[in-house]
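> Would you mind keeping the following structure in view while I ask a few things?
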There are 2 protein chains.
Amino acid sequence: MTLTRKGQATRERILEAAAELIAHRGVAGTSTEDVRKAAGISGSQLYHYFDSKQALIRAVILRQAEAPLVPGEPVMGPLDSFEALRAWADAAVEHQEHNHGRGDCTLTSLAGELGPADDQLREDLCNVFERWQSLLHDGLKAMRERGELRAEADLDELSMALLAALQGGGLLSRTLRTAEPLRASMKAALAYVHSFMP
Amino acid sequence: MTLTRKGQATRERILEAAAELIAHRGVAGTSTEDVRKAAGISGSQLYHYFDSKQALIRAVILRQAEAPLVPGEPVMGPLDSFEALRAWADAAVEHQEHNHGRGDCTLTSLAGELGPADDQLREDLCNVFERWQSLLHDGLKAMRERGELRAEADLDELSMALLAALQGGGLLSRTLRTAEPLRASMKAALAYVHSFMP
């Protein structure tokens with residue numbers, strides 16, 4: 001479907017409203033009617049863009065693939081230095097602090113809610129996590145090529161540890177309503193990366 | 001309510017069935033009817049033990065507080081040495097491997113699904129996470145007292161980083177259906193603890 005500029009803006013407004021609702025209430029707790037109201041549009045308009053709840057959820061996930069790793073932040077540059085990684089971690093912790101540990105995390109909500117029957121949803125989530133991991137991986141690779149990480153650094157492992165720290169710290173922060181878990185997990189993961197510096 | 005031995009066994013069977021269903025389908029995807037069928041009991045029996053879905057979910061959470069940190073494992077001894085921590089991490093990774101990354105994680109599911117209105121649920125989850133953190137904290141404290149960790153080791157931070165690695169690695173493993181994320185996150189967190197050895 002080709003959309004006019006206005007159509008694209010409406011579609012984006014729907015996706016933003018849906019992402020925010022899902023981050024706070026989960027998929028099961030978010031109805032298309034909730035999304036319609038939050039986006040301030042009519043039912044037939046919503047249906048024009050997304051003909052089912054599933055289509056809407058999918059679009060929310062795929063949109064996150066293009067989004068930065070930290071919600072609410074402008075797209076960050078490449079994470080290809082220790083300073084850039086630290087700035088990324090700091091931005092994530094600040095986001096949690098600013099929201100008193102209630103920072104959104106649409107994808108963590110979605111992944112937590114995943115059932116065995118949600119194969120399409122799971123695949124879409126995999127794609128996003130893999131894309132995020134590859135952003136981290138690319139940055140670490142550039143560091144290793146410049147000699148800022150030792151040759152034996154396992155980039156798959158390091159990028160996965162960073163992503164897991166973001167997800168696990170975010171999940172605990174959201175539950176405990178404090179930024180401390182995310183701060184601790186990011187500090188530990190960064191220290192691990194740092195231990196591979198020459 | 002005081003239960004006979006047989007009553008306790010039935011209650012436990014209900015909770016086990018509920019925990020397994022929630023781990024795989026989430027809270028929203030699990031009805032009391034599903035639990036009743038999985039436990040092989042009648043509706044009036046279920047109602048005798050838990051008079052609402054909420055009461056059942058609460059009991060599932062509180063039961064996890066007494067459960068070991070790794071599902072399916074016998075209760076582990078105190079995590080008060082680097083070897084014990086490594087054995088704990090290995091058991092968690094093996095559990096994921098054995099289940100091809102589909103290992104249960106009832107609490108991660110629950111925490112992911114939390115909405116803003118679930119205040120009681122959130123508090124119960126906090127209690128469990130805090131109890132788990134304190135198990136880790138106690139072990140690290142014993143290590144520090146024996147001089148196996150340097151005096152400046154921040155035990156709150158280390159225990160939180162370990163717990164976040166377990167949660168984040170578990171969440172990614174469950175989504176990506178491989179034990180690698182959990183392996184990477186636990187390795188990074190243990191290395192961070194190790195960096196505080198004298």
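Chain labels follow the order of the structure tokens: the first chain is A, the next B, and so on; residue numbering restarts at 1 in every chain, and ligands are counted from 1 in their shown order.
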Please find the residues of chain A near chain B - the criterion being any atom within 6 Å, counting only C-alpha atoms - and write them as a PyMOL selection string.

chain A and resi 24-26+109+112-113+115+126+157+160-161+164-165+167-169+176+181+184-185+188+192

> Could you take the residues named above and write them with N, CA and C atoms, as a compact mmCIF listing (two decimals), in the first residue's frame?


```txt
# COMPACT_ATOMS: atom_id res chain seq x y z
N HIS A 24 3.39 -0.48 28.37
CA HIS A 24 2.84 -0.30 29.71
C HIS A 24 1.85 -1.37 30.12
N ARG A 25 1.14 -1.96 29.16
CA ARG A 25 0.08 -2.91 29.53
C ARG A 25 0.29 -4.31 28.98
N GLY A 26 1.31 -4.48 28.15
CA GLY A 26 1.47 -5.76 27.49
C GLY A 26 0.54 -5.89 26.30
N SER A 109 8.54 -6.39 27.00
CA SER A 109 7.16 -6.80 27.28
C SER A 109 6.73 -7.90 26.32
N GLY A 112 8.54 -11.20 26.89
CA GLY A 112 8.09 -11.85 28.11
C GLY A 112 6.74 -12.54 27.91
N GLU A 113 5.93 -11.95 27.06
CA GLU A 113 4.57 -12.43 26.89
C GLU A 113 4.44 -13.54 25.85
N GLY A 115 4.06 -16.63 23.77
CA GLY A 115 3.62 -18.01 23.99
C GLY A 115 4.17 -18.90 22.89
N CYS A 126 12.95 -11.95 17.05
CA CYS A 126 14.31 -12.43 16.79
C CYS A 126 15.03 -11.49 15.84
N GLU A 157 29.88 -13.05 21.59
CA GLU A 157 29.65 -13.15 23.03
C GLU A 157 29.52 -11.76 23.67
N MET A 160 26.25 -10.03 22.65
CA MET A 160 25.10 -10.67 23.29
C MET A 160 25.04 -10.32 24.78
N ALA A 161 26.21 -10.27 25.42
CA ALA A 161 26.24 -9.93 26.86
C ALA A 161 25.73 -8.51 27.08
N ALA A 164 21.92 -8.57 26.56
CA ALA A 164 21.26 -9.24 27.69
C ALA A 164 21.26 -8.35 28.92
N ALA A 165 22.34 -7.58 29.11
CA ALA A 165 22.40 -6.67 30.27
C ALA A 165 21.31 -5.60 30.13
N GLN A 167 18.47 -5.86 28.46
CA GLN A 167 17.15 -6.46 28.62
C GLN A 167 16.88 -6.87 30.08
N GLY A 168 17.85 -7.56 30.68
CA GLY A 168 17.65 -8.05 32.05
C GLY A 168 17.61 -6.91 33.05
N GLY A 169 18.53 -5.95 32.89
CA GLY A 169 18.53 -4.80 33.79
C GLY A 169 17.24 -4.00 33.63
N LEU A 176 11.17 -3.46 39.78
CA LEU A 176 11.54 -2.91 41.10
C LEU A 176 11.37 -1.39 41.15
N PRO A 181 19.04 -1.69 39.02
CA PRO A 181 19.39 -2.93 38.32
C PRO A 181 20.04 -2.68 36.95
N ALA A 184 23.60 -1.43 37.39
CA ALA A 184 24.52 -2.52 37.77
C ALA A 184 24.81 -3.43 36.58
N SER A 185 23.75 -3.78 35.82
CA SER A 185 23.97 -4.74 34.73
C SER A 185 24.81 -4.13 33.61
N ALA A 188 28.50 -3.91 34.72
CA ALA A 188 29.17 -5.21 34.65
C ALA A 188 29.49 -5.59 33.21
N TYR A 192 33.16 -6.01 31.39
CA TYR A 192 33.57 -7.23 30.68
C TYR A 192 34.19 -6.86 29.32
```

> Would you return as JSON, numbers by chain the members of region 15-193 of chain B that DSSP assigns to helix (DSSP H, G or I) on this structure's backbone?

{"B": [15, 16, 17, 18, 19, 20, 21, 22, 23, 24, 25, 32, 33, 34, 35, 36, 37, 38, 39, 43, 44, 45, 46, 47, 48, 49, 53, 54, 55, 56, 57, 58, 59, 60, 61, 62, 63, 64, 65, 66, 82, 83, 84, 85, 86, 87, 88, 89, 90, 91, 92, 93, 94, 95, 96, 97, 98, 106, 107, 108, 109, 110, 111, 112, 113, 119, 120, 121, 122, 123, 124, 125, 126, 127, 128, 129, 130, 131, 132, 133, 134, 135, 136, 137, 138, 139, 140, 141, 142, 143, 144, 145, 155, 156, 157, 158, 159, 160, 161, 162, 163, 164, 165, 166, 167, 168, 169, 170, 171, 172, 173, 174, 175, 176, 180, 181, 182, 183, 184, 185, 186, 187, 188, 189, 190, 191, 192, 193]}

> Pick from A:Gln96, A:Gln64, A:Ser31, A:Ser134: nearest to Asp80 (chain A), with only C-alpha atoms counted?

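Comparing A:Gln96, A:Gln64, A:Ser31, A:Ser134 against Asp80 (chain A), the winner is A:Ser134.
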
> Name all residues at most 12 Å from region 41-52 of chain B (count only C-alpha atoms; drop same-chain ones fewer than 5 positions away) and give them as a PDB file with all heavy atoms, in the first residue's frame.


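Result file is part-v4.pdb:
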```pdb
ATOM      1  N   MET B   1      -6.184 -21.340  55.976  1.00  0.00           N
ATOM      2  CA  MET B   1      -6.780 -22.654  55.701  1.00  0.00           C
ATOM      3  C   MET B   1      -5.743 -23.742  56.002  1.00  0.00           C
ATOM      4  O   MET B   1      -4.639 -23.724  55.452  1.00  0.00           O
ATOM      5  CB  MET B   1      -7.195 -22.685  54.216  1.00  0.00           C
ATOM      6  CG  MET B   1      -7.563 -24.037  53.669  1.00  0.00           C
ATOM      7  SD  MET B   1      -8.424 -23.903  52.043  1.00  0.00           S
ATOM      8  CE  MET B   1      -7.100 -23.497  50.913  1.00  0.00           C
ATOM      9  N   THR B   2      -6.063 -24.659  56.880  1.00  0.00           N
ATOM     10  CA  THR B   2      -5.162 -25.769  57.168  1.00  0.00           C
ATOM     11  C   THR B   2      -5.487 -26.922  56.222  1.00  0.00           C
ATOM     12  O   THR B   2      -6.652 -27.298  56.069  1.00  0.00           O
ATOM     13  CB  THR B   2      -5.325 -26.237  58.630  1.00  0.00           C
ATOM     14  OG1 THR B   2      -5.304 -25.083  59.466  1.00  0.00           O
ATOM     15  CG2 THR B   2      -4.200 -27.163  59.025  1.00  0.00           C
ATOM     16  N   LEU B   3      -4.472 -27.446  55.581  1.00  0.00           N
ATOM     17  CA  LEU B   3      -4.702 -28.509  54.600  1.00  0.00           C
ATOM     18  C   LEU B   3      -4.171 -29.842  55.112  1.00  0.00           C
ATOM     19  O   LEU B   3      -3.164 -29.896  55.818  1.00  0.00           O
ATOM     20  CB  LEU B   3      -3.980 -28.171  53.290  1.00  0.00           C
ATOM     21  CG  LEU B   3      -4.473 -26.940  52.524  1.00  0.00           C
ATOM     22  CD1 LEU B   3      -3.573 -26.690  51.333  1.00  0.00           C
ATOM     23  CD2 LEU B   3      -5.909 -27.127  52.075  1.00  0.00           C
ATOM     24  N   GLY B   7      -4.453 -32.704  50.755  1.00  0.00           N
ATOM     25  CA  GLY B   7      -4.828 -31.374  50.291  1.00  0.00           C
ATOM     26  C   GLY B   7      -3.609 -30.582  49.839  1.00  0.00           C
ATOM     27  O   GLY B   7      -3.645 -29.889  48.822  1.00  0.00           O
ATOM     28  N   GLN B   8      -2.532 -30.695  50.615  1.00  0.00           N
ATOM     29  CA  GLN B   8      -1.299 -29.990  50.240  1.00  0.00           C
ATOM     30  C   GLN B   8      -0.759 -30.490  48.908  1.00  0.00           C
ATOM     31  O   GLN B   8      -0.284 -29.712  48.080  1.00  0.00           O
ATOM     32  CB  GLN B   8      -0.234 -30.180  51.328  1.00  0.00           C
ATOM     33  CG  GLN B   8      -0.424 -29.217  52.489  1.00  0.00           C
ATOM     34  CD  GLN B   8       0.585 -29.441  53.584  1.00  0.00           C
ATOM     35  OE1 GLN B   8       1.236 -30.485  53.638  1.00  0.00           O
ATOM     36  NE2 GLN B   8       0.702 -28.471  54.480  1.00  0.00           N
ATOM     37  N   ALA B   9      -0.859 -31.804  48.705  1.00  0.00           N
ATOM     38  CA  ALA B   9      -0.368 -32.382  47.448  1.00  0.00           C
ATOM     39  C   ALA B   9      -1.196 -31.868  46.269  1.00  0.00           C
ATOM     40  O   ALA B   9      -0.658 -31.542  45.211  1.00  0.00           O
ATOM     41  CB  ALA B   9      -0.407 -33.904  47.509  1.00  0.00           C
ATOM     42  N   THR B  10      -2.501 -31.775  46.467  1.00  0.00           N
ATOM     43  CA  THR B  10      -3.365 -31.277  45.388  1.00  0.00           C
ATOM     44  C   THR B  10      -3.042 -29.813  45.093  1.00  0.00           C
ATOM     45  O   THR B  10      -2.900 -29.407  43.930  1.00  0.00           O
ATOM     46  CB  THR B  10      -4.852 -31.387  45.782  1.00  0.00           C
ATOM     47  OG1 THR B  10      -5.114 -32.740  46.173  1.00  0.00           O
ATOM     48  CG2 THR B  10      -5.752 -31.018  44.619  1.00  0.00           C
ATOM     49  N   ARG B  11      -2.894 -29.028  46.160  1.00  0.00           N
ATOM     50  CA  ARG B  11      -2.571 -27.613  45.988  1.00  0.00           C
ATOM     51  C   ARG B  11      -1.262 -27.460  45.213  1.00  0.00           C
ATOM     52  O   ARG B  11      -1.145 -26.651  44.293  1.00  0.00           O
ATOM     53  CB  ARG B  11      -2.466 -26.955  47.365  1.00  0.00           C
ATOM     54  CG  ARG B  11      -2.271 -25.460  47.318  1.00  0.00           C
ATOM     55  CD  ARG B  11      -2.308 -24.860  48.729  1.00  0.00           C
ATOM     56  NE  ARG B  11      -2.272 -23.410  48.688  1.00  0.00           N
ATOM     57  CZ  ARG B  11      -1.144 -22.714  48.543  1.00  0.00           C
ATOM     58  NH1 ARG B  11       0.013 -23.322  48.474  1.00  0.00           N
ATOM     59  NH2 ARG B  11      -1.190 -21.387  48.487  1.00  0.00           N
ATOM     60  N   GLU B  12      -0.288 -28.267  45.583  1.00  0.00           N
ATOM     61  CA  GLU B  12       1.012 -28.220  44.921  1.00  0.00           C
ATOM     62  C   GLU B  12       0.890 -28.610  43.440  1.00  0.00           C
ATOM     63  O   GLU B  12       1.522 -27.989  42.577  1.00  0.00           O
ATOM     64  CB  GLU B  12       1.973 -29.175  45.665  1.00  0.00           C
ATOM     65  CG  GLU B  12       3.400 -29.188  45.143  1.00  0.00           C
ATOM     66  CD  GLU B  12       4.085 -27.831  45.146  1.00  0.00           C
ATOM     67  OE1 GLU B  12       3.675 -26.940  45.937  1.00  0.00           O
ATOM     68  OE2 GLU B  12       5.002 -27.641  44.327  1.00  0.00           O
ATOM     69  N   ARG B  13       0.029 -29.605  43.161  1.00  0.00           N
ATOM     70  CA  ARG B  13      -0.154 -30.030  41.770  1.00  0.00           C
ATOM     71  C   ARG B  13      -0.762 -28.886  40.945  1.00  0.00           C
ATOM     72  O   ARG B  13      -0.370 -28.656  39.802  1.00  0.00           O
ATOM     73  CB  ARG B  13      -1.055 -31.263  41.720  1.00  0.00           C
ATOM     74  CG  ARG B  13      -0.945 -32.025  40.417  1.00  0.00           C
ATOM     75  CD  ARG B  13      -1.485 -33.436  40.513  1.00  0.00           C
ATOM     76  NE  ARG B  13      -2.934 -33.485  40.483  1.00  0.00           N
ATOM     77  CZ  ARG B  13      -3.697 -34.041  41.409  1.00  0.00           C
ATOM     78  NH1 ARG B  13      -3.152 -34.606  42.469  1.00  0.00           N
ATOM     79  NH2 ARG B  13      -5.007 -34.034  41.300  1.00  0.00           N
ATOM     80  N   ILE B  14      -1.712 -28.194  41.547  1.00  0.00           N
ATOM     81  CA  ILE B  14      -2.335 -27.051  40.856  1.00  0.00           C
ATOM     82  C   ILE B  14      -1.282 -25.977  40.553  1.00  0.00           C
ATOM     83  O   ILE B  14      -1.195 -25.447  39.444  1.00  0.00           O
ATOM     84  CB  ILE B  14      -3.462 -26.433  41.716  1.00  0.00           C
ATOM     85  CG1 ILE B  14      -4.582 -27.463  41.929  1.00  0.00           C
ATOM     86  CG2 ILE B  14      -4.013 -25.166  41.068  1.00  0.00           C
ATOM     87  CD1 ILE B  14      -5.610 -27.042  42.986  1.00  0.00           C
ATOM     88  N   LEU B  15      -0.451 -25.672  41.563  1.00  0.00           N
ATOM     89  CA  LEU B  15       0.552 -24.619  41.388  1.00  0.00           C
ATOM     90  C   LEU B  15       1.587 -24.994  40.338  1.00  0.00           C
ATOM     91  O   LEU B  15       2.021 -24.147  39.548  1.00  0.00           O
ATOM     92  CB  LEU B  15       1.229 -24.303  42.728  1.00  0.00           C
ATOM     93  CG  LEU B  15       0.326 -23.597  43.740  1.00  0.00           C
ATOM     94  CD1 LEU B  15       1.054 -23.403  45.064  1.00  0.00           C
ATOM     95  CD2 LEU B  15      -0.129 -22.243  43.182  1.00  0.00           C
ATOM     96  N   ALA B  17       1.128 -26.994  37.768  1.00  0.00           N
ATOM     97  CA  ALA B  17       0.469 -26.894  36.458  1.00  0.00           C
ATOM     98  C   ALA B  17       0.362 -25.433  36.037  1.00  0.00           C
ATOM     99  O   ALA B  17       0.650 -25.075  34.885  1.00  0.00           O
ATOM    100  CB  ALA B  17      -0.916 -27.535  36.511  1.00  0.00           C
ATOM    101  N   ALA B  18      -0.025 -24.575  36.971  1.00  0.00           N
ATOM    102  CA  ALA B  18      -0.185 -23.153  36.656  1.00  0.00           C
ATOM    103  C   ALA B  18       1.152 -22.519  36.277  1.00  0.00           C
ATOM    104  O   ALA B  18       1.244 -21.769  35.298  1.00  0.00           O
ATOM    105  CB  ALA B  18      -0.812 -22.420  37.838  1.00  0.00           C
ATOM    106  N   SER B  31      -5.910 -19.643  31.292  1.00  0.00           N
ATOM    107  CA  SER B  31      -7.181 -19.493  31.998  1.00  0.00           C
ATOM    108  C   SER B  31      -7.216 -20.471  33.174  1.00  0.00           C
ATOM    109  O   SER B  31      -6.459 -21.447  33.198  1.00  0.00           O
ATOM    110  CB  SER B  31      -8.342 -19.774  31.049  1.00  0.00           C
ATOM    111  OG  SER B  31      -8.345 -21.143  30.706  1.00  0.00           O
ATOM    112  N   THR B  32      -8.076 -20.190  34.148  1.00  0.00           N
ATOM    113  CA  THR B  32      -8.195 -21.132  35.264  1.00  0.00           C
ATOM    114  C   THR B  32      -8.696 -22.485  34.746  1.00  0.00           C
ATOM    115  O   THR B  32      -8.334 -23.531  35.288  1.00  0.00           O
ATOM    116  CB  THR B  32      -9.160 -20.606  36.359  1.00  0.00           C
ATOM    117  OG1 THR B  32     -10.375 -20.196  35.737  1.00  0.00           O
ATOM    118  CG2 THR B  32      -8.560 -19.434  37.099  1.00  0.00           C
ATOM    119  N   GLU B  33      -9.464 -22.454  33.664  1.00  0.00           N
ATOM    120  CA  GLU B  33      -9.931 -23.700  33.056  1.00  0.00           C
ATOM    121  C   GLU B  33      -8.752 -24.532  32.516  1.00  0.00           C
ATOM    122  O   GLU B  33      -8.709 -25.751  32.695  1.00  0.00           O
ATOM    123  CB  GLU B  33     -10.947 -23.362  31.935  1.00  0.00           C
ATOM    124  CG  GLU B  33     -11.500 -24.518  31.149  1.00  0.00           C
ATOM    125  CD  GLU B  33     -12.271 -25.530  32.001  1.00  0.00           C
ATOM    126  OE1 GLU B  33     -12.611 -25.212  33.157  1.00  0.00           O
ATOM    127  OE2 GLU B  33     -12.500 -26.665  31.515  1.00  0.00           O
ATOM    128  N   ASP B  34      -7.771 -23.846  31.900  1.00  0.00           N
ATOM    129  CA  ASP B  34      -6.553 -24.543  31.437  1.00  0.00           C
ATOM    130  C   ASP B  34      -5.846 -25.198  32.620  1.00  0.00           C
ATOM    131  O   ASP B  34      -5.377 -26.333  32.541  1.00  0.00           O
ATOM    132  CB  ASP B  34      -5.555 -23.548  30.804  1.00  0.00           C
ATOM    133  CG  ASP B  34      -6.102 -22.879  29.548  1.00  0.00           C
ATOM    134  OD1 ASP B  34      -6.946 -23.480  28.872  1.00  0.00           O
ATOM    135  OD2 ASP B  34      -5.668 -21.739  29.265  1.00  0.00           O
ATOM    136  N   VAL B  35      -5.741 -24.448  33.720  1.00  0.00           N
ATOM    137  CA  VAL B  35      -5.033 -24.953  34.902  1.00  0.00           C
ATOM    138  C   VAL B  35      -5.787 -26.162  35.463  1.00  0.00           C
ATOM    139  O   VAL B  35      -5.181 -27.184  35.811  1.00  0.00           O
ATOM    140  CB  VAL B  35      -4.894 -23.850  35.976  1.00  0.00           C
ATOM    141  CG1 VAL B  35      -4.291 -24.410  37.262  1.00  0.00           C
ATOM    142  CG2 VAL B  35      -4.058 -22.685  35.451  1.00  0.00           C
ATOM    143  N   ARG B  36      -7.101 -26.032  35.535  1.00  0.00           N
ATOM    144  CA  ARG B  36      -7.936 -27.120  36.058  1.00  0.00           C
ATOM    145  C   ARG B  36      -7.691 -28.407  35.258  1.00  0.00           C
ATOM    146  O   ARG B  36      -7.459 -29.475  35.820  1.00  0.00           O
ATOM    147  CB  ARG B  36      -9.411 -26.711  35.970  1.00  0.00           C
ATOM    148  CG  ARG B  36     -10.379 -27.677  36.638  1.00  0.00           C
ATOM    149  CD  ARG B  36     -11.815 -27.427  36.232  1.00  0.00           C
ATOM    150  NE  ARG B  36     -12.086 -27.700  34.822  1.00  0.00           N
ATOM    151  CZ  ARG B  36     -12.086 -28.915  34.265  1.00  0.00           C
ATOM    152  NH1 ARG B  36     -11.818 -29.974  34.973  1.00  0.00           N
ATOM    153  NH2 ARG B  36     -12.350 -29.048  32.972  1.00  0.00           N
ATOM    154  N   ILE B  57      -2.434 -16.803  40.740  1.00  0.00           N
ATOM    155  CA  ILE B  57      -1.190 -16.191  40.216  1.00  0.00           C
ATOM    156  C   ILE B  57      -0.283 -15.783  41.371  1.00  0.00           C
ATOM    157  O   ILE B  57       0.922 -16.009  41.358  1.00  0.00           O
ATOM    158  CB  ILE B  57      -1.510 -14.922  39.369  1.00  0.00           C
ATOM    159  CG1 ILE B  57      -2.469 -15.248  38.218  1.00  0.00           C
ATOM    160  CG2 ILE B  57      -0.236 -14.286  38.848  1.00  0.00           C
ATOM    161  CD1 ILE B  57      -1.950 -16.199  37.209  1.00  0.00           C
ATOM    162  N   ARG B  58      -0.886 -15.204  42.397  1.00  0.00           N
ATOM    163  CA  ARG B  58      -0.108 -14.763  43.560  1.00  0.00           C
ATOM    164  C   ARG B  58       0.610 -15.934  44.206  1.00  0.00           C
ATOM    165  O   ARG B  58       1.774 -15.844  44.571  1.00  0.00           O
ATOM    166  CB  ARG B  58      -1.068 -14.171  44.598  1.00  0.00           C
ATOM    167  CG  ARG B  58      -0.824 -12.732  44.822  1.00  0.00           C
ATOM    168  CD  ARG B  58      -1.385 -12.255  46.122  1.00  0.00           C
ATOM    169  NE  ARG B  58      -0.303 -11.773  46.944  1.00  0.00           N
ATOM    170  CZ  ARG B  58      -0.483 -11.242  48.133  1.00  0.00           C
ATOM    171  NH1 ARG B  58      -1.684 -11.127  48.637  1.00  0.00           N
ATOM    172  NH2 ARG B  58       0.548 -10.820  48.825  1.00  0.00           N
ATOM    173  N   ALA B  59      -0.129 -17.044  44.345  1.00  0.00           N
ATOM    174  CA  ALA B  59       0.469 -18.230  44.969  1.00  0.00           C
ATOM    175  C   ALA B  59       1.595 -18.792  44.108  1.00  0.00           C
ATOM    176  O   ALA B  59       2.613 -19.270  44.624  1.00  0.00           O
ATOM    177  CB  ALA B  59      -0.609 -19.286  45.213  1.00  0.00           C
ATOM    178  N   VAL B  60       1.428 -18.692  42.778  1.00  0.00           N
ATOM    179  CA  VAL B  60       2.495 -19.159  41.879  1.00  0.00           C
ATOM    180  C   VAL B  60       3.758 -18.335  42.113  1.00  0.00           C
ATOM    181  O   VAL B  60       4.862 -18.866  42.210  1.00  0.00           O
ATOM    182  CB  VAL B  60       2.056 -19.052  40.391  1.00  0.00           C
ATOM    183  CG1 VAL B  60       3.251 -19.223  39.458  1.00  0.00           C
ATOM    184  CG2 VAL B  60       0.991 -20.090  40.076  1.00  0.00           C
TER     185      VAL B  60
END
```

> Using Å and a single decimal, report how far CA of Glu94 (chain A) sits from CA of Glu16 (chain A).

21.2 Å

> Extract, using only C-alpha atoms, all DNA, RNA and protein residues at most 6 Å from Met197 (chain B), discarding same-chain residues fewer than 4 positions from it, and format them as JSON, numbers by chain.

{"B": [148, 149, 150]}

> So that I have them on file, write out the residues from the current selection with N, CA, C and O atoms, as a PDB file, in the first residue's frame.


```
ATOM      1  N   GLU B 148      37.889 -13.525  49.803  1.00  0.00           N
ATOM      2  CA  GLU B 148      37.888 -13.972  48.405  1.00  0.00           C
ATOM      3  C   GLU B 148      37.377 -12.889  47.457  1.00  0.00           C
ATOM      4  O   GLU B 148      37.417 -13.055  46.238  1.00  0.00           O
ATOM      5  N   LEU B 149      36.856 -11.819  48.036  1.00  0.00           N
ATOM      6  CA  LEU B 149      36.530 -10.627  47.248  1.00  0.00           C
ATOM      7  C   LEU B 149      37.154  -9.437  47.967  1.00  0.00           C
ATOM      8  O   LEU B 149      37.201  -9.409  49.201  1.00  0.00           O
ATOM      9  N   ARG B 150      37.612  -8.465  47.216  1.00  0.00           N
ATOM     10  CA  ARG B 150      38.240  -7.297  47.832  1.00  0.00           C
ATOM     11  C   ARG B 150      37.191  -6.492  48.606  1.00  0.00           C
ATOM     12  O   ARG B 150      35.983  -6.545  48.327  1.00  0.00           O
TER      13      ARG B 150
END
```

> Contacts of Asp138 (chain B) at 9 Å or less, counting only C-alpha atoms, minus same-chain residues fewer than 2 places along, as a list in words?

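After dropping sequence-adjacent residues, the list is Pro78, Leu79, Asp80, Gln133, Ser134, Leu135, Leu136, Leu140, Lys141, Ala142, Met143 and Leu155 of chain B.
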
> Enter the distance from CA of Arg86 (chain A) to CA of Trp132 (chain A), in Å, rounded to one decimal.

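Going from CA of Arg86 (chain A) over to CA of Trp132 (chain A) covers 16.3 Å.
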
> Using CA of Gly77 (chain A) and CA of Arg144 (chain A) as the two end points, give the distance in Å to one decimal.

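Result for CA of Gly77 (chain A) versus CA of Arg144 (chain A): 17.7 Å, one decimal.
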